[in-house]
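Notes follow once the structure below has been shown.
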Amino acid sequence: MNALNLALFQWLTAGAQPTPWVLSVASAFALWGSWLSAGVVAVALWRQPADRAYLCVVAAAAGLTSLLAHAIAMSLDVPRPFMAGLAPAYIAHGGRGSLPSTHAAVMFMVALAFMLRPPLRRLALPLFALAAVTGWARVYVGVHFPLDIVAGLLLGAVVAGALTLGRWLVHFFLSRSGRGADTAQAARSPWRPS
């Protein structure tokens, strides 16, 4: 796996002589892609009042995903490509562990959470594309390996899966409580699985 990871990195990275305009685009996405994703969530909060409770939980899950990714990266302490001398870092970045990518974990988790909520699905594809482009950009500028991005995607999927399981459990217990008001509340709950 390490040989494949290194081969993909060499294929995707900017190297010593990057194309200036590609480097500019990659640097912009590497630095600002996550903020664009956060902007999509903010717009959805504003424009989708019926989904605000769900979106607040997604935002909290994004924070949890970030904490998990940082904790895993600190414990694994995999050096970043620029630290290993494999490529220059074209953006300023700290030297902490790179596996998994926190950007990828959070952005893919948010995209998956949008995919799992029917009223938000139309925004899921742009969020996936933004996460993928940001992942590529962070490899291109020398701060991540491709495996870091894939590991971030997997961590994001696990958290999104846990979020879905939580939704189902809340709905299950609200609908099985036996009280009329709770049953009616469960029927219109933003946590109701769609």
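Just remember, in the structure tokens the first chain shown is A, the second B, etc., residues are 1-based per chain, and ligands are 1-based in the order shown.
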Distance query Ile72 of chain A at most 12 Å, only C-alpha atoms, self and fewer than 6 positions along chain excluded, as a PyMOL selection string: chain A and resi 65-66+78+96-102+105+148+151-152+155
Residues of segment 67-177 of chain A in helix (DSSP H, G or I), written as a ChimeraX atom specification: /A:67-76,102-115,118-140,146-175
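Using only C-alpha atoms for every distance, the candidate list A:Ser75, A:Asn5, A:Thr164, A:Ser37 yields A:Ser37 as the residue closest to Val133 of chain A.
In terms of minimum interatomic distance to Thr13 of chain A, A:Val143 ranks closest within A:Met115, A:Val143, A:Ile149, A:Ala160, counting only C-alpha atoms.
Interatomic distance, atom CA of Val110 of chain A against atom CA of Ser175 of chain A: 26.9 Å.
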All residues 12 Å or closer to Ala132 of chain A, only C-alpha atoms, same chain fewer than 5 positions away omitted, as a PyMOL selection string: chain A and resi 26+29-30+33-34+37+101+103-108+111+125-127+137-139+146+149-150+152-153
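Among the candidates A:Trp35, A:Phe173, A:Pro20, A:Tyr54, the residue lying nearest to Leu120 of chain A is A:Tyr54 (atoms considered: only C-alpha atoms).
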Near-Arg52 of chain A list (12 Å; only C-alpha atoms; drop same-chain fewer than 4 positions) as a PyMOL selection string: chain A and resi 41-48+56-59+117+119-120+189-191
All heavy atoms of the current selection, written as a compact mmCIF listing (two decimals), in the first residue's frame:
# COMPACT_ATOMS: atom_id res chain seq x y z
N VAL A 41 -22.98 25.09 4.15
CA VAL A 41 -23.76 24.72 5.35
C VAL A 41 -24.49 25.94 5.90
O VAL A 41 -25.67 25.86 6.25
CB VAL A 41 -22.85 24.09 6.42
CG1 VAL A 41 -23.62 23.83 7.71
CG2 VAL A 41 -22.25 22.78 5.91
N ALA A 42 -23.81 27.09 5.95
CA ALA A 42 -24.45 28.32 6.45
C ALA A 42 -25.63 28.73 5.58
O ALA A 42 -26.69 29.12 6.09
CB ALA A 42 -23.42 29.43 6.53
N VAL A 43 -25.47 28.64 4.26
CA VAL A 43 -26.57 28.97 3.36
C VAL A 43 -27.73 28.00 3.55
O VAL A 43 -28.90 28.41 3.58
CB VAL A 43 -26.09 28.99 1.88
CG1 VAL A 43 -27.26 29.04 0.91
CG2 VAL A 43 -25.16 30.15 1.65
N ALA A 44 -27.42 26.71 3.72
CA ALA A 44 -28.48 25.73 3.96
C ALA A 44 -29.20 26.02 5.27
O ALA A 44 -30.43 25.88 5.35
CB ALA A 44 -27.89 24.32 3.97
N LEU A 45 -28.46 26.42 6.31
CA LEU A 45 -29.10 26.80 7.58
C LEU A 45 -30.09 27.94 7.38
O LEU A 45 -31.17 27.95 7.96
CB LEU A 45 -28.04 27.22 8.59
CG LEU A 45 -27.46 26.13 9.48
CD1 LEU A 45 -26.20 26.62 10.16
CD2 LEU A 45 -28.48 25.67 10.50
N TRP A 46 -29.72 28.90 6.56
CA TRP A 46 -30.55 30.06 6.33
C TRP A 46 -31.76 29.72 5.45
O TRP A 46 -32.88 30.17 5.71
CB TRP A 46 -29.69 31.16 5.70
CG TRP A 46 -30.43 32.38 5.30
CD1 TRP A 46 -31.21 33.17 6.10
CD2 TRP A 46 -30.47 32.96 4.00
NE1 TRP A 46 -31.72 34.21 5.37
CE2 TRP A 46 -31.28 34.11 4.07
CE3 TRP A 46 -29.88 32.63 2.79
CZ2 TRP A 46 -31.52 34.92 2.97
CZ3 TRP A 46 -30.12 33.43 1.70
CH2 TRP A 46 -30.93 34.56 1.80
N ARG A 47 -31.53 28.92 4.40
CA ARG A 47 -32.57 28.67 3.40
C ARG A 47 -33.43 27.45 3.68
O ARG A 47 -34.44 27.26 3.01
CB ARG A 47 -31.93 28.55 2.02
CG ARG A 47 -31.26 29.88 1.63
CD ARG A 47 -30.97 29.95 0.21
NE ARG A 47 -32.24 29.85 -0.52
CZ ARG A 47 -32.35 30.00 -1.81
NH1 ARG A 47 -31.29 30.27 -2.53
NH2 ARG A 47 -33.51 29.90 -2.42
N GLN A 48 -33.03 26.58 4.61
CA GLN A 48 -33.77 25.35 4.89
C GLN A 48 -34.22 25.34 6.36
O GLN A 48 -33.70 24.57 7.16
CB GLN A 48 -32.88 24.13 4.64
CG GLN A 48 -32.34 23.99 3.24
CD GLN A 48 -33.39 23.50 2.28
OE1 GLN A 48 -33.63 24.12 1.28
NE2 GLN A 48 -34.05 22.40 2.58
N CYS A 56 -27.61 21.79 12.57
CA CYS A 56 -26.85 22.10 13.79
C CYS A 56 -26.14 20.85 14.31
O CYS A 56 -24.99 20.92 14.76
CB CYS A 56 -27.76 22.70 14.86
SG CYS A 56 -28.24 24.41 14.48
N VAL A 57 -26.81 19.72 14.23
CA VAL A 57 -26.17 18.47 14.65
C VAL A 57 -25.04 18.11 13.69
O VAL A 57 -23.98 17.65 14.11
CB VAL A 57 -27.21 17.33 14.77
CG1 VAL A 57 -26.54 15.99 15.02
CG2 VAL A 57 -28.19 17.64 15.89
N VAL A 58 -25.23 18.35 12.40
CA VAL A 58 -24.16 18.11 11.42
C VAL A 58 -22.96 18.99 11.74
O VAL A 58 -21.81 18.53 11.69
CB VAL A 58 -24.66 18.34 9.97
CG1 VAL A 58 -23.51 18.36 8.98
CG2 VAL A 58 -25.69 17.28 9.59
N ALA A 59 -23.21 20.24 12.08
CA ALA A 59 -22.11 21.14 12.45
C ALA A 59 -21.38 20.63 13.68
O ALA A 59 -20.14 20.64 13.75
CB ALA A 59 -22.63 22.56 12.68
N ARG A 117 -29.90 13.17 3.95
CA ARG A 117 -31.11 13.95 4.26
C ARG A 117 -31.75 14.40 2.96
O ARG A 117 -31.24 15.30 2.27
CB ARG A 117 -30.72 15.15 5.12
CG ARG A 117 -31.87 15.97 5.59
CD ARG A 117 -32.43 15.41 6.85
NE ARG A 117 -33.43 16.34 7.40
CZ ARG A 117 -34.32 15.98 8.26
NH1 ARG A 117 -34.34 14.74 8.70
NH2 ARG A 117 -35.20 16.84 8.70
N PRO A 119 -34.06 16.43 1.74
CA PRO A 119 -34.17 17.84 1.33
C PRO A 119 -32.82 18.51 1.05
O PRO A 119 -32.78 19.55 0.40
CB PRO A 119 -34.86 18.52 2.53
CG PRO A 119 -35.50 17.42 3.30
CD PRO A 119 -34.66 16.21 3.07
N LEU A 120 -31.74 17.93 1.53
CA LEU A 120 -30.42 18.52 1.36
C LEU A 120 -29.60 17.84 0.27
O LEU A 120 -28.48 18.26 -0.02
CB LEU A 120 -29.65 18.46 2.69
CG LEU A 120 -30.30 19.18 3.87
CD1 LEU A 120 -29.55 18.88 5.15
CD2 LEU A 120 -30.37 20.67 3.61
N SER A 189 -40.60 15.12 13.57
CA SER A 189 -39.25 15.41 14.05
C SER A 189 -38.27 15.54 12.90
O SER A 189 -38.33 14.79 11.93
CB SER A 189 -38.79 14.28 14.98
OG SER A 189 -37.41 14.38 15.23
N PRO A 190 -37.32 16.49 13.00
CA PRO A 190 -36.26 16.58 11.98
C PRO A 190 -35.34 15.36 12.03
O PRO A 190 -34.57 15.14 11.13
CB PRO A 190 -35.52 17.87 12.35
CG PRO A 190 -35.81 18.09 13.78
CD PRO A 190 -37.16 17.52 14.03
N TRP A 191 -35.47 14.59 13.08
CA TRP A 191 -34.63 13.40 13.22
C TRP A 191 -35.25 12.19 12.56
O TRP A 191 -34.64 11.13 12.50
CB TRP A 191 -34.37 13.11 14.70
CG TRP A 191 -33.52 14.16 15.27
CD1 TRP A 191 -33.90 15.22 16.01
CD2 TRP A 191 -32.12 14.29 15.05
NE1 TRP A 191 -32.84 16.01 16.28
CE2 TRP A 191 -31.73 15.46 15.71
CE3 TRP A 191 -31.17 13.55 14.36
CZ2 TRP A 191 -30.43 15.90 15.70
CZ3 TRP A 191 -29.88 14.00 14.37
CH2 TRP A 191 -29.53 15.15 15.04
Between atom CA of Leu68 of chain A and atom CA of Val25 of chain A - distance in Å to one decimal: 28.6 Å
